[in-house]
file protein-v9.csv (CSV, C-alpha atoms)
chain,number,residue,atom,x,y,z
J,18,MET,CA,69.6,63.7,59.2
J,19,GLY,CA,67.0,66.0,60.8
J,20,LEU,CA,65.8,68.0,63.7
J,21,LEU,CA,64.5,65.1,65.8
J,22,SER,CA,67.2,62.5,65.6
J,23,GLY,CA,70.6,61.6,64.2
J,24,SER,CA,73.5,63.8,63.1
J,25,ALA,CA,72.1,67.1,61.9
J,26,GLY,CA,73.1,69.4,59.1
J,27,PHE,CA,71.4,72.8,58.8
J,28,CYS,CA,71.5,76.2,57.3
J,29,ARG,CA,70.2,79.4,58.9
J,30,TYR,CA,67.8,82.1,57.9
J,31,GLN,CA,66.6,85.4,59.3
J,32,VAL,CA,62.8,85.8,58.9
J,33,LEU,CA,62.0,89.2,57.5
J,34,GLY,CA,58.5,90.8,57.6
J,35,GLU,CA,55.7,91.6,60.0
J,36,LEU,CA,53.8,88.9,61.8
J,37,PRO,CA,50.1,89.2,62.2
J,38,GLU,CA,48.7,89.8,65.8
J,39,VAL,CA,46.8,86.6,65.9
J,40,PHE,CA,49.9,84.6,65.0
J,41,TRP,CA,48.9,81.0,65.6
J,42,ASP,CA,45.5,81.3,63.8
J,43,PHE,CA,47.5,82.7,60.9
J,44,VAL,CA,50.0,79.8,60.9
J,45,ASP,CA,47.2,77.3,61.1
J,46,LYS,CA,45.3,78.7,58.2
J,47,LYS,CA,48.4,79.2,56.0
J,48,ILE,CA,50.2,76.0,56.7
J,49,LYS,CA,47.1,73.9,55.9
J,50,ALA,CA,46.5,75.9,52.7
J,51,TYR,CA,50.0,75.1,51.5
J,52,SER,CA,50.1,71.5,52.8
J,53,PHE,CA,51.5,68.7,50.6
J,54,GLN,CA,49.4,67.5,47.7
J,55,ASP,CA,49.9,63.9,46.4
J,56,ILE,CA,50.9,63.4,42.7
J,57,ASP,CA,50.6,59.6,42.7
J,58,GLY,CA,47.8,59.5,40.2
J,59,THR,CA,49.3,62.1,37.8
J,60,ALA,CA,52.3,62.6,35.5
J,61,ASP,CA,53.6,65.7,37.4
J,62,GLU,CA,57.3,65.8,37.9
J,63,MET,CA,57.3,67.5,41.3
J,64,SER,CA,55.2,68.4,44.3
J,65,ALA,CA,56.2,70.4,47.3
J,66,GLY,CA,54.2,71.3,50.4
J,67,TRP,CA,54.2,71.3,54.2
J,68,VAL,CA,53.6,68.2,56.4
J,69,GLY,CA,53.9,67.6,60.2
J,70,LEU,CA,57.4,67.5,61.6
J,71,GLY,CA,59.0,64.2,60.5
J,72,ASN,CA,55.8,62.7,59.3
J,73,MET,CA,55.3,62.8,55.6
J,74,PHE,CA,51.7,61.6,55.8
J,75,ASP,CA,50.5,64.3,58.2
J,76,ARG,CA,48.7,67.0,56.2
J,77,GLU,CA,46.1,67.7,58.9
J,78,PHE,CA,48.4,69.2,61.6
J,79,SER,CA,45.9,68.0,64.2
J,80,TYR,CA,46.0,69.6,67.6
J,81,ALA,CA,48.2,72.3,66.1
J,82,ASN,CA,51.2,69.9,66.3
J,83,TYR,CA,53.4,72.6,64.6
J,84,SER,CA,53.2,74.7,67.8
J,85,ARG,CA,56.0,74.2,70.4
J,86,GLY,CA,56.4,77.2,72.6
J,87,ALA,CA,58.3,79.9,70.7
J,88,TYR,CA,58.8,77.5,67.8
J,89,VAL,CA,56.9,76.5,64.7
J,90,THR,CA,58.0,73.1,63.6
J,91,PHE,CA,57.1,71.4,60.4
J,92,SER,CA,58.7,69.7,57.4
J,93,LEU,CA,58.8,70.2,53.7
J,94,ARG,CA,57.7,67.1,51.7
J,95,LEU,CA,59.2,67.1,48.3
J,96,ASP,CA,58.1,64.3,45.9
J,97,THR,CA,59.9,64.1,42.6
J,98,ARG,CA,59.4,61.8,39.6
J,99,THR,CA,62.2,61.3,37.2
J,100,VAL,CA,62.6,59.1,34.1
J,101,PRO,CA,66.1,57.5,33.6
J,102,ALA,CA,67.7,59.1,30.6
J,103,ALA,CA,68.7,55.8,29.0
J,104,LEU,CA,65.2,54.4,29.3
J,105,PHE,CA,63.7,57.6,27.8
J,106,LYS,CA,66.1,57.5,24.9
J,107,ARG,CA,65.4,53.9,24.2
J,108,HIS,CA,61.6,54.4,24.1
J,109,VAL,CA,62.0,57.5,21.9
J,110,GLU,CA,64.1,55.7,19.4
J,111,ALA,CA,61.7,52.7,19.3
J,112,GLU,CA,58.8,55.1,18.7
J,113,ILE,CA,60.6,56.9,15.9
J,114,ASN,CA,61.6,53.7,14.2
J,115,GLU,CA,58.0,52.4,14.4
J,116,LYS,CA,56.6,55.5,12.9
J,117,LEU,CA,59.1,55.5,10.0
J,118,ARG,CA,58.4,51.9,9.3
J,119,GLN,CA,54.6,52.3,9.4
J,120,GLU,CA,54.6,55.4,7.1
J,121,GLU,CA,57.5,54.1,5.0
J,122,ARG,CA,59.5,57.3,5.4
J,123,LYS,CA,63.2,57.9,5.8
J,124,ARG,CA,63.2,60.7,8.4
J,125,LEU,CA,60.9,62.7,10.7
J,126,SER,CA,60.7,66.4,11.0
J,127,LYS,CA,62.1,68.1,14.1
J,128,ARG,CA,58.6,68.9,15.3
J,129,GLU,CA,57.5,65.3,14.9
J,130,LYS,CA,60.4,64.2,17.0
J,131,GLU,CA,59.6,66.7,19.7
J,132,GLU,CA,56.0,65.5,19.8
J,133,ILE,CA,57.2,61.9,20.2
J,134,LYS,CA,59.6,63.0,23.0
J,135,GLU,CA,56.8,64.8,24.8
J,136,LYS,CA,54.4,61.9,24.5
J,137,ILE,CA,57.0,59.3,25.7
J,138,LYS,CA,58.0,61.6,28.6
J,139,LEU,CA,54.4,61.9,29.8
J,140,ASP,CA,53.8,58.2,29.3
J,141,LEU,CA,56.9,57.1,31.3
J,142,LEU,CA,56.3,59.7,34.0
J,143,SER,CA,52.8,58.5,34.6
J,144,LYS,CA,54.2,54.9,35.0
J,145,THR,CA,56.9,56.1,37.5
J,146,MET,CA,56.2,56.4,41.2
J,147,PRO,CA,57.3,59.7,42.8
J,148,VAL,CA,60.1,59.5,45.3
J,149,PRO,CA,59.3,61.3,48.5
J,150,ALA,CA,61.8,63.2,50.7
J,151,VAL,CA,61.2,65.2,53.9
J,152,PHE,CA,63.2,68.1,55.3
J,153,ASP,CA,62.7,69.5,58.8
J,154,ILE,CA,62.2,73.2,59.7
J,155,LEU,CA,62.5,74.9,63.0
J,156,TRP,CA,61.2,78.5,63.1
J,157,ASN,CA,61.6,80.6,66.2
J,158,TYR,CA,59.0,83.3,65.5
J,159,GLN,CA,59.8,85.4,68.5
J,160,GLU,CA,63.5,85.8,67.6
J,161,ALA,CA,62.8,85.7,63.8
J,162,TRP,CA,65.2,83.0,62.8
J,163,LEU,CA,64.7,79.7,61.1
J,164,LEU,CA,66.8,76.5,60.6
J,165,LEU,CA,66.3,74.3,57.5
J,166,PHE,CA,67.8,70.8,58.0
J,167,CYS,CA,69.1,70.5,54.5
J,168,LEU,CA,72.0,72.1,52.6
J,169,ARG,CA,70.9,71.2,49.0
J,170,ASN,CA,70.6,74.3,46.9
J,171,GLN,CA,67.5,73.0,45.1
J,172,VAL,CA,65.7,72.4,48.4
J,173,ARG,CA,66.7,75.7,49.8
J,174,LYS,CA,65.2,77.6,46.8
J,175,ILE,CA,62.0,75.6,47.1
J,176,VAL,CA,61.7,76.3,50.8
J,177,GLU,CA,62.5,80.0,50.4
J,178,GLU,CA,59.8,80.4,47.7
J,179,LEU,CA,57.1,78.2,49.4
J,180,PHE,CA,57.7,80.0,52.7
J,181,ARG,CA,57.2,83.4,51.0
J,182,GLN,CA,54.0,82.2,49.3
J,183,THR,CA,52.7,80.6,52.5
J,184,PHE,CA,53.4,83.2,55.1
J,185,ASP,CA,54.2,86.3,53.0
J,186,LEU,CA,57.6,86.5,54.9
J,187,THR,CA,61.1,86.5,53.4
J,188,LEU,CA,63.8,84.1,54.4
J,189,GLN,CA,67.2,85.9,54.3
J,190,PRO,CA,70.1,83.4,54.4
J,191,MET,CA,72.5,84.1,57.3
J,192,THR,CA,75.6,84.2,55.2
J,193,PRO,CA,79.0,85.5,56.6
J,194,GLY,CA,78.3,88.8,54.9
J,195,GLN,CA,74.7,89.1,56.3
J,196,LEU,CA,75.9,88.2,59.8
J,197,ALA,CA,78.6,90.9,59.6
J,198,LEU,CA,76.0,93.4,58.5
J,199,ASN,CA,73.8,92.5,61.4
J,200,MET,CA,76.6,92.4,64.0
J,201,ALA,CA,78.6,95.4,63.0
J,202,ALA,CA,76.1,97.9,61.7
J,203,ALA,CA,77.8,100.8,63.6
J,204,GLN,CA,81.2,100.0,62.2
J,205,LEU,CA,79.8,99.5,58.7
J,206,ALA,CA,77.5,102.5,58.7
J,207,ASP,CA,79.2,104.4,55.8
J,208,GLY,CA,80.0,101.9,53.1
J,209,GLY,CA,78.6,98.6,54.3
J,210,LEU,CA,80.8,95.7,53.2
J,211,ASP,CA,81.5,97.3,49.9
J,212,GLY,CA,85.2,97.9,49.5
J,213,LEU,CA,86.2,95.2,52.0
J,214,SER,CA,88.8,93.0,50.3
J,215,GLN,CA,90.1,89.6,51.2
J,216,ASP,CA,93.0,89.3,53.5
J,217,VAL,CA,96.1,87.5,52.2
J,218,TYR,CA,98.0,85.5,54.8
J,219,SER,CA,100.8,83.7,53.1
J,220,THR,CA,104.0,85.4,52.0
J,221,ALA,CA,104.0,83.1,48.9
J,222,THR,CA,100.7,84.7,47.7
J,223,ARG,CA,101.6,88.2,48.7
J,224,GLU,CA,104.8,88.0,46.6
J,225,GLU,CA,103.0,86.8,43.5
S,27,MET,CA,75.9,97.5,44.9
S,28,THR,CA,72.7,96.1,46.5
S,29,LYS,CA,72.8,94.8,50.0
S,30,LEU,CA,72.1,91.3,48.7
S,31,ALA,CA,75.0,91.3,46.3
S,32,GLU,CA,77.2,92.9,48.9
S,33,GLN,CA,76.6,90.2,51.5
S,34,GLU,CA,77.0,87.4,49.0
S,35,LYS,CA,80.3,88.9,47.8
S,36,ALA,CA,81.6,89.0,51.3
S,37,TYR,CA,81.6,85.1,51.6
S,38,PHE,CA,85.3,85.3,52.2
S,39,LEU,CA,84.7,86.6,55.7
S,40,GLY,CA,83.5,83.1,56.6
S,41,ARG,CA,86.8,81.5,55.4
S,42,GLU,CA,88.8,84.2,57.2
S,43,PHE,CA,86.8,83.6,60.3
S,44,LEU,CA,87.7,79.9,60.3
S,45,THR,CA,91.4,80.8,59.9
S,46,TRP,CA,91.2,83.3,62.8
S,47,LEU,CA,89.4,80.7,64.9
S,48,TRP,CA,92.1,78.2,64.2
S,49,TYR,CA,94.7,80.7,65.2
S,50,GLN,CA,92.9,81.7,68.4
S,51,SER,CA,92.5,78.0,69.3
S,52,GLU,CA,96.2,77.2,68.8
S,53,GLN,CA,97.3,80.3,70.7
S,54,ARG,CA,95.2,79.3,73.7
S,55,GLY,CA,96.2,75.7,73.7
S,56,GLY,CA,92.9,74.4,72.2
S,57,SER,CA,90.5,76.8,73.8
S,58,VAL,CA,88.6,80.1,73.1
S,59,PHE,CA,87.3,82.7,75.5
S,60,ILE,CA,83.8,84.2,75.4
S,61,PRO,CA,83.2,86.9,78.1
S,62,GLU,CA,79.7,85.6,79.0
S,63,MET,CA,80.7,81.9,78.9
S,64,GLY,CA,84.3,81.7,79.9
S,65,ASP,CA,86.8,79.3,78.4
S,66,LEU,CA,85.5,76.7,75.9
S,67,GLU,CA,87.5,73.9,74.5
S,68,LEU,CA,87.7,74.3,70.7
S,69,ILE,CA,89.8,71.9,68.7
S,70,PHE,CA,90.2,71.6,64.9
S,71,GLU,CA,90.0,67.9,64.4
S,72,ARG,CA,90.4,65.2,61.9
S,73,ARG,CA,89.4,67.1,58.7
S,74,ALA,CA,90.1,70.4,56.9
S,75,LEU,CA,89.3,71.2,53.3
S,76,MET,CA,91.6,73.9,51.9
S,77,GLU,CA,91.0,75.7,48.6
S,78,SER,CA,92.7,78.3,46.4
S,79,GLY,CA,91.7,80.0,43.2
S,80,GLU,CA,88.2,80.6,41.8
S,81,GLY,CA,86.0,79.0,39.3
S,82,GLU,CA,87.8,76.7,36.9
S,83,PHE,CA,91.1,77.5,38.5
S,84,THR,CA,90.0,76.2,41.9
S,85,GLU,CA,92.4,73.8,43.7
S,86,THR,CA,91.2,71.9,46.7
S,87,VAL,CA,93.1,69.7,49.1
S,88,LEU,CA,91.6,67.6,51.9
S,89,CYS,CA,93.7,67.2,55.0
S,90,ARG,CA,93.1,64.8,57.9
S,91,GLY,CA,94.6,64.5,61.4
S,92,LEU,CA,94.1,65.7,64.9
S,93,ASN,CA,94.5,69.4,65.8
S,94,SER,CA,98.3,70.0,65.8
S,95,GLU,CA,98.6,67.1,63.4
S,96,LEU,CA,96.9,69.2,60.7
S,97,LYS,CA,100.3,69.9,59.3
S,98,GLU,CA,99.2,69.6,55.7
S,99,ALA,CA,96.5,72.1,56.2
S,100,ARG,CA,98.9,74.6,57.8
S,101,LEU,CA,101.2,74.0,54.8
S,102,ALA,CA,98.3,74.6,52.4
S,103,LEU,CA,97.6,77.9,54.3
S,104,ARG,CA,101.2,78.9,53.9
S,105,GLU,CA,100.8,78.2,50.2
S,106,GLY,CA,97.9,80.6,49.9
S,107,LYS,CA,95.0,78.3,50.2
S,108,LYS,CA,91.9,79.3,52.3
S,109,VAL,CA,89.9,77.2,54.8
S,110,LYS,CA,86.8,76.0,52.9
S,111,GLU,CA,85.5,73.8,55.7
S,112,VAL,CA,86.7,72.3,58.9
S,113,ARG,CA,85.7,69.7,61.5
S,114,ILE,CA,85.5,71.2,65.0
S,115,LYS,CA,85.1,69.7,68.5
S,116,LEU,CA,83.7,72.1,71.0
S,117,SER,CA,83.2,71.5,74.7
S,118,GLN,CA,81.7,73.5,77.5
S,119,ASP,CA,81.7,71.8,80.9
S,120,ILE,CA,80.4,68.3,80.2
S,121,LYS,CA,78.7,69.2,77.0
S,122,GLU,CA,80.5,68.4,73.7
S,123,TRP,CA,79.5,69.1,70.1
S,124,SER,CA,81.3,68.0,67.0
S,125,PHE,CA,80.5,69.5,63.6
S,126,THR,CA,81.7,70.5,60.2
S,127,ILE,CA,81.3,74.2,59.4
S,128,LYS,CA,81.6,75.6,55.9
S,129,GLY,CA,83.6,78.8,55.4
S,130,ASP,CA,81.6,80.2,52.5
S,131,SER,CA,78.2,79.9,54.1
S,132,LEU,CA,78.8,79.1,57.8
S,133,ASP,CA,76.4,76.2,57.3
S,134,PHE,CA,76.7,73.3,59.7
S,135,GLN,CA,77.0,69.7,58.6
S,136,SER,CA,77.2,66.4,60.4
S,137,VAL,CA,76.5,68.0,63.8
S,138,ASN,CA,76.7,65.6,66.8
S,139,LEU,CA,75.0,67.1,69.8
S,140,PRO,CA,76.0,66.6,73.4
S,141,LYS,CA,75.0,63.2,74.8
S,142,GLY,CA,72.5,62.8,77.6
S,143,GLY,CA,68.9,63.8,78.0
S,144,PRO,CA,65.8,63.2,80.1
S,145,VAL,CA,65.8,60.1,82.3
S,146,ASP,CA,62.4,59.1,80.7
S,147,THR,CA,63.4,58.5,77.1
S,148,ASP,CA,59.7,58.3,76.1
S,149,ASP,CA,59.3,62.0,76.8
S,150,GLU,CA,59.5,63.2,73.2
S,151,GLU,CA,58.7,66.8,74.2
S,152,ALA,CA,61.6,67.0,76.6
S,153,ASP,CA,63.9,65.4,74.0
S,154,PHE,CA,62.8,68.0,71.5
S,155,PHE,CA,63.5,71.0,73.7
S,156,LEU,CA,66.8,69.5,74.9
S,157,ARG,CA,67.9,69.0,71.3
S,158,VAL,CA,66.7,72.4,70.2
S,159,GLY,CA,68.6,73.9,73.2
S,160,TYR,CA,71.8,72.2,72.2
S,161,LEU,CA,71.4,73.4,68.6
S,162,THR,CA,70.7,77.0,69.5
S,163,GLU,CA,73.6,77.0,72.0
S,164,LEU,CA,75.9,75.8,69.3
S,165,PHE,CA,75.1,78.6,66.8
S,166,GLN,CA,75.0,81.2,69.5
S,167,ILE,CA,78.6,80.2,70.5
S,168,ILE,CA,79.7,80.5,66.9
S,169,ASP,CA,77.9,83.8,66.6
S,170,HIS,CA,79.7,85.1,69.6
S,171,LEU,CA,83.0,84.1,68.1
S,172,TYR,CA,82.1,85.4,64.7
S,173,GLY,CA,81.0,88.8,66.2
S,174,ASP,CA,84.3,89.0,68.0
S,175,PHE,CA,86.1,88.3,64.7
S,176,ILE,CA,84.1,90.8,62.7
S,177,HIS,CA,84.6,93.6,65.2
S,178,GLN,CA,88.4,93.0,65.1
S,179,ARG,CA,88.4,92.6,61.3
S,180,LEU,CA,86.6,95.9,60.8
S,181,ASP,CA,88.8,97.8,63.3
S,182,PRO,CA,91.2,100.2,61.5
S,183,ALA,CA,94.0,98.6,63.6
S,184,TRP,CA,93.3,95.2,62.1
S,185,PRO,CA,96.2,95.1,59.5
S,186,GLU,CA,98.8,95.9,62.2
S,187,LYS,CA,97.3,93.7,64.9
S,188,GLY,CA,95.1,90.7,64.0
S,189,LEU,CA,96.2,90.3,60.4
S,190,ALA,CA,99.9,90.7,61.2
S,191,GLU,CA,99.6,88.1,64.0
S,192,ILE,CA,97.9,85.6,61.7
S,193,ARG,CA,100.5,86.2,59.0
S,194,GLN,CA,103.2,85.5,61.4
S,195,TRP,CA,101.5,82.3,62.6
S,196,VAL,CA,101.0,81.1,59.0
S,197,SER,CA,104.6,81.7,58.0
S,198,LYS,CA,106.0,80.1,61.2
S,199,PRO,CA,107.4,76.6,60.3
S,200,GLU,CA,105.9,73.7,62.3

call {"tool": "encode", "arguments": {"input": "protein-v9.csv", "output": "structure tokens"}}
result
Amino acid sequence: MGLLSGSAGFCRYQVLGELPEVFWDFVDKKIKAYSFQDIDGTADEMSAGWVGLGNMFDREFSYANYSRGAYVTFSLRLDTRTVPAALFKRHVEAEINEKLRQEERKRLSKREKEEIKEKIKLDLLSKTMPVPAVFDILWNYQEAWLLLFCLRNQVRKIVEELFRQTFDLTLQPMTPGQLALNMAAAQLADGGLDGLSQDVYSTATREE
Amino acid sequence: MTKLAEQEKAYFLGREFLTWLWYQSEQRGGSVFIPEMGDLELIFERRALMESGEGEFTETVLCRGLNSELKEARLALREGKKVKEVRIKLSQDIKEWSFTIKGDSLDFQSVNLPKGGPVDTDDEEADFFLRVGYLTELFQIIDHLYGDFIHQRLDPAWPEKGLAEIRQWVSKPE
């Protein structure tokens, strides 16, 4: 599912903020500064950054491959590393039992248990390979709109925050309410959408 | 209320829009009219997700069938449920899109774009611009229709005109 092929799913944003005069130099500098960083040799749980459109290994953006006419195209690469809960629990229990046996004690303090959990978590994370995912982005900078080819809330929040950090621009979701505010500014001049209530269509509901 | 809270609270406009669109399509025998574009075929097909209530009292029903066959969805509408998401087939001349649109967000899902493209299939750049053209055309059509709905919905005459017509349509037995 993406911009380049297959069946697509996307959400829409309005891009708010002023663009610099030398736009493409700005994009080049910023997109590289916030390009994806590998976490393969670490125990980090997540890494998010920009890569070339549809190519999770492209962090160079050679020949300004993000530039296509009025569009800026690139992808978010999101690597996440998770430890299965059952595996984590088993290792924690084994470690606790081993400590109790070695020290001939009956129980551990809450703090000791927390320390063991933290140690096991880091140990297992460092042995787990991160799982990569790529989400395409199409930004029309002249008309100030952007499509994100993903509907997952977690990914949307990451893109909104990373885009703000990278370009110092805000992504405003094009919700039904926002579209209404944009399209009917004159009709909504006084009270905005405030005070607008849901229509009821069915007699059954109206009579309740 | 802040503008952000205001626009988020008005999510119901998306559900109302899909109901209005359904009504418009049925009234015109499966088509809608956009002044700049003329008549476009627009059919609710195969799938409609209907919902009533909020939070833990939410009740959802999934209805399947072709356009006029969405009887269960019409019944759900009559029982007070709202259109949460629908599958739509949209055609303009030889171009045909099919997609699912969500009422609460107007997000697009499982979008199939019109078939056909450059003769030279190795021309990635041409493919890209063709695909982007079809995508933008799709949401511009939906924006035209949504704008039409919003202007009617905010008109002081809405309760006596548009809303009354939809209520009559909803209450009419199949």

call {"tool": "residues_around", "arguments": {"input": "protein-v9.csv", "residues": "Phe152 in chain J", "least_positions_apart": "5", "cutoff": "6 Å", "atoms": "only C-alpha atoms", "output": "PDB file with C-alpha atoms, keeping the file's coordinate frame"}}
result
ATOM      1  CA  SER J  92      58.700  69.700  57.400  1.00  0.00           C
ATOM      2  CA  LEU J  93      58.800  70.200  53.700  1.00  0.00           C
ATOM      3  CA  PHE J 166      67.800  70.800  58.000  1.00  0.00           C
TER       4      PHE J 166
END

call {"tool": "residues_around", "arguments": {"input": "protein-v9.csv", "residues": "Lys115 in chain S", "least_positions_apart": "5", "cutoff": "7 Å", "atoms": "all atoms listed in the file", "output": "list in words"}}
result
Leu68, Ile69, Phe70, Glu71, Trp123, Ser124 and Phe125 of chain S

call {"tool": "write_last_selection", "arguments": {"input": "protein-v9.csv", "atoms": "C-alpha atoms", "output": "PDB file, in the coordinates of the input"}}
result
ATOM      1  CA  LEU S  68      87.700  74.300  70.700  1.00  0.00           C
ATOM      2  CA  ILE S  69      89.800  71.900  68.700  1.00  0.00           C
ATOM      3  CA  PHE S  70      90.200  71.600  64.900  1.00  0.00           C
ATOM      4  CA  GLU S  71      90.000  67.900  64.400  1.00  0.00           C
ATOM      5  CA  TRP S 123      79.500  69.100  70.100  1.00  0.00           C
ATOM      6  CA  SER S 124      81.300  68.000  67.000  1.00  0.00           C
ATOM      7  CA  PHE S 125      80.500  69.500  63.600  1.00  0.00           C
TER       8      PHE S 125
END

call {"tool": "residues_near_point", "arguments": {"input": "protein-v9.csv", "point": "(89.1, 90.9, 57.8)", "cutoff": "9 Å", "atoms": "all atoms listed in the file", "output": "PDB file with C-alpha atoms, in the coordinates of the input"}}
result
ATOM      1  CA  LEU J 213      86.200  95.200  52.000  1.00  0.00           C
ATOM      2  CA  SER J 214      88.800  93.000  50.300  1.00  0.00           C
ATOM      3  CA  GLN J 215      90.100  89.600  51.200  1.00  0.00           C
ATOM      4  CA  ASP J 216      93.000  89.300  53.500  1.00  0.00           C
TER       5      ASP J 216
ATOM      6  CA  PHE S  38      85.300  85.300  52.200  1.00  0.00           C
ATOM      7  CA  LEU S  39      84.700  86.600  55.700  1.00  0.00           C
ATOM      8  CA  GLU S  42      88.800  84.200  57.200  1.00  0.00           C
ATOM      9  CA  PHE S  43      86.800  83.600  60.300  1.00  0.00           C
ATOM     10  CA  PHE S 175      86.100  88.300  64.700  1.00  0.00           C
ATOM     11  CA  ILE S 176      84.100  90.800  62.700  1.00  0.00           C
ATOM     12  CA  GLN S 178      88.400  93.000  65.100  1.00  0.00           C
ATOM     13  CA  ARG S 179      88.400  92.600  61.300  1.00  0.00           C
ATOM     14  CA  LEU S 180      86.600  95.900  60.800  1.00  0.00           C
ATOM     15  CA  ASP S 181      88.800  97.800  63.300  1.00  0.00           C
ATOM     16  CA  TRP S 184      93.300  95.200  62.100  1.00  0.00           C
ATOM     17  CA  PRO S 185      96.200  95.100  59.500  1.00  0.00           C
ATOM     18  CA  GLY S 188      95.100  90.700  64.000  1.00  0.00           C
ATOM     19  CA  LEU S 189      96.200  90.300  60.400  1.00  0.00           C
TER      20      LEU S 189
END

call {"tool": "closest_atom_pairs", "arguments": {"input": "protein-v9.csv", "of": "chain S", "to": "chain J", "cutoff": "7 Å", "atoms": "all atoms listed in the file", "output": "tab-separated table"}}
result
residue	atom	partner	partner_atom	distance
S:Glu32	CA	J:Asp211	CA	6.2
S:Gln33	CA	J:Gly194	CA	4.1
S:Glu34	CA	J:Gly194	CA	6.2
S:Ala36	CA	J:Gly194	CA	4.9
S:Tyr37	CA	J:Pro193	CA	5.6
S:Phe38	CA	J:Gln215	CA	6.5
S:Leu39	CA	J:Pro193	CA	5.9
S:Gly40	CA	J:Pro193	CA	5.1
S:Leu103	CA	J:Ser219	CA	6.7
S:Arg104	CA	J:Ser219	CA	4.9
S:Glu105	CA	J:Ala221	CA	6.0
S:Gly106	CA	J:Ser219	CA	5.3
S:Ser131	CA	J:Thr192	CA	5.1
S:Leu132	CA	J:Pro193	CA	6.5
S:Asp133	CA	J:Cys28	CA	4.9
S:Phe134	CA	J:Gly26	CA	5.3
S:Gln135	CA	J:Gly26	CA	3.9
S:Ser136	CA	J:Gly26	CA	5.2
S:Val137	CA	J:Ala25	CA	4.9
S:Asn138	CA	J:Ser24	CA	5.2
S:Phe154	CA	J:Leu21	CA	6.6
S:Gly173	CA	J:Met200	CA	6.1
S:Ile176	CA	J:Ala197	CA	6.3
S:His177	CA	J:Ala201	CA	6.6
S:Leu180	CA	J:Gln204	CA	6.9
S:Ile192	CA	J:Tyr218	CA	6.9
S:Arg193	CA	J:Tyr218	CA	4.9
S:Val196	CA	J:Ser219	CA	6.5
S:Ser197	CA	J:Ser219	CA	6.5

call {"tool": "residues_around", "arguments": {"input": "protein-v9.csv", "residues": "range 39-50 of chain J", "least_positions_apart": "3", "cutoff": "12 Å", "atoms": "only C-alpha atoms", "output": "compact mmCIF listing (two decimals) with C-alpha atoms, in the coordinates of the input"}}
result
# COMPACT_ATOMS: atom_id res chain seq x y z
CA GLU J 35 55.70 91.60 60.00
CA LEU J 36 53.80 88.90 61.80
CA PHE J 53 51.50 68.70 50.60
CA GLN J 54 49.40 67.50 47.70
CA GLY J 66 54.20 71.30 50.40
CA TRP J 67 54.20 71.30 54.20
CA VAL J 68 53.60 68.20 56.40
CA GLY J 69 53.90 67.60 60.20
CA ASP J 75 50.50 64.30 58.20
CA ARG J 76 48.70 67.00 56.20
CA GLU J 77 46.10 67.70 58.90
CA PHE J 78 48.40 69.20 61.60
CA SER J 79 45.90 68.00 64.20
CA TYR J 80 46.00 69.60 67.60
CA ALA J 81 48.20 72.30 66.10
CA ASN J 82 51.20 69.90 66.30
CA TYR J 83 53.40 72.60 64.60
CA SER J 84 53.20 74.70 67.80
CA ARG J 85 56.00 74.20 70.40
CA GLY J 86 56.40 77.20 72.60
CA ALA J 87 58.30 79.90 70.70
CA TYR J 88 58.80 77.50 67.80
CA VAL J 89 56.90 76.50 64.70
CA THR J 90 58.00 73.10 63.60
CA PHE J 91 57.10 71.40 60.40
CA SER J 92 58.70 69.70 57.40
CA LEU J 93 58.80 70.20 53.70
CA TRP J 156 61.20 78.50 63.10
CA TYR J 158 59.00 83.30 65.50
CA GLN J 159 59.80 85.40 68.50
CA LEU J 179 57.10 78.20 49.40
CA PHE J 180 57.70 80.00 52.70
CA ARG J 181 57.20 83.40 51.00
CA GLN J 182 54.00 82.20 49.30
CA THR J 183 52.70 80.60 52.50
CA PHE J 184 53.40 83.20 55.10
CA ASP J 185 54.20 86.30 53.00
CA LEU J 186 57.60 86.50 54.90

call {"tool": "atom_distance", "arguments": {"input": "protein-v9.csv", "atom1": "CA of Gln31 in chain J", "atom2": "CA of Glu160 in chain J"}}
result
8.9 Å

call {"tool": "atom_distance", "arguments": {"input": "protein-v9.csv", "atom1": "CA of Cys89 in chain S", "atom2": "CA of Glu67 in chain S"}}
result
21.5 Å

call {"tool": "atom_distance", "arguments": {"input": "protein-v9.csv", "atom1": "CA of Glu122 in chain S", "atom2": "CA of Ala74 in chain S"}}
result
19.5 Å

call {"tool": "closest_residue", "arguments": {"input": "protein-v9.csv", "among": "S:Glu62, S:Leu161, S:Leu96, S:Lys110", "to": "Thr84 in chain S", "atoms": "only C-alpha atoms"}}
result
S:Lys110

call {"tool": "residues_around", "arguments": {"input": "protein-v9.csv", "residues": "Gly58 in chain J", "least_positions_apart": "3", "cutoff": "12 Å", "atoms": "all atoms listed in the file", "output": "list in words"}}
result
Gln54, Asp55, Asp61, Glu62, Arg98, Leu142, Ser143, Lys144, Thr145, Met146 and Pro147 of chain J

call {"tool": "closest_residue", "arguments": {"input": "protein-v9.csv", "among": "J:Leu95, J:Ala60, J:Met73, J:Leu117", "to": "Leu139 in chain J", "atoms": "all atoms listed in the file"}}
result
J:Ala60

call {"tool": "residues_around", "arguments": {"input": "protein-v9.csv", "residues": "range 100-115 of chain J", "least_positions_apart": "6", "cutoff": "8 Å", "atoms": "all atoms listed in the file", "output": "list of chain:residue names"}}
result
J:Leu125, J:Lys130, J:Ile133, J:Lys134, J:Ile137, J:Lys138, J:Leu141, J:Leu142, J:Thr145

call {"tool": "decode", "arguments": {"input": "protein-v9.csv", "residues": "range 117-124 of chain S", "atoms": "C-alpha atoms", "output": "tab-separated table (two decimals), in the first residue's frame"}}
result
chain	number	residue	atom	x	y	z
S	117	SER	CA	-16.61	7.01	-12.73
S	118	GLN	CA	-15.90	9.94	-15.00
S	119	ASP	CA	-15.80	9.16	-18.72
S	120	ILE	CA	-13.52	6.11	-18.99
S	121	LYS	CA	-11.86	6.67	-15.62
S	122	GLU	CA	-13.03	4.64	-12.66
S	123	TRP	CA	-12.02	4.81	-9.01
S	124	SER	CA	-13.17	2.56	-6.20
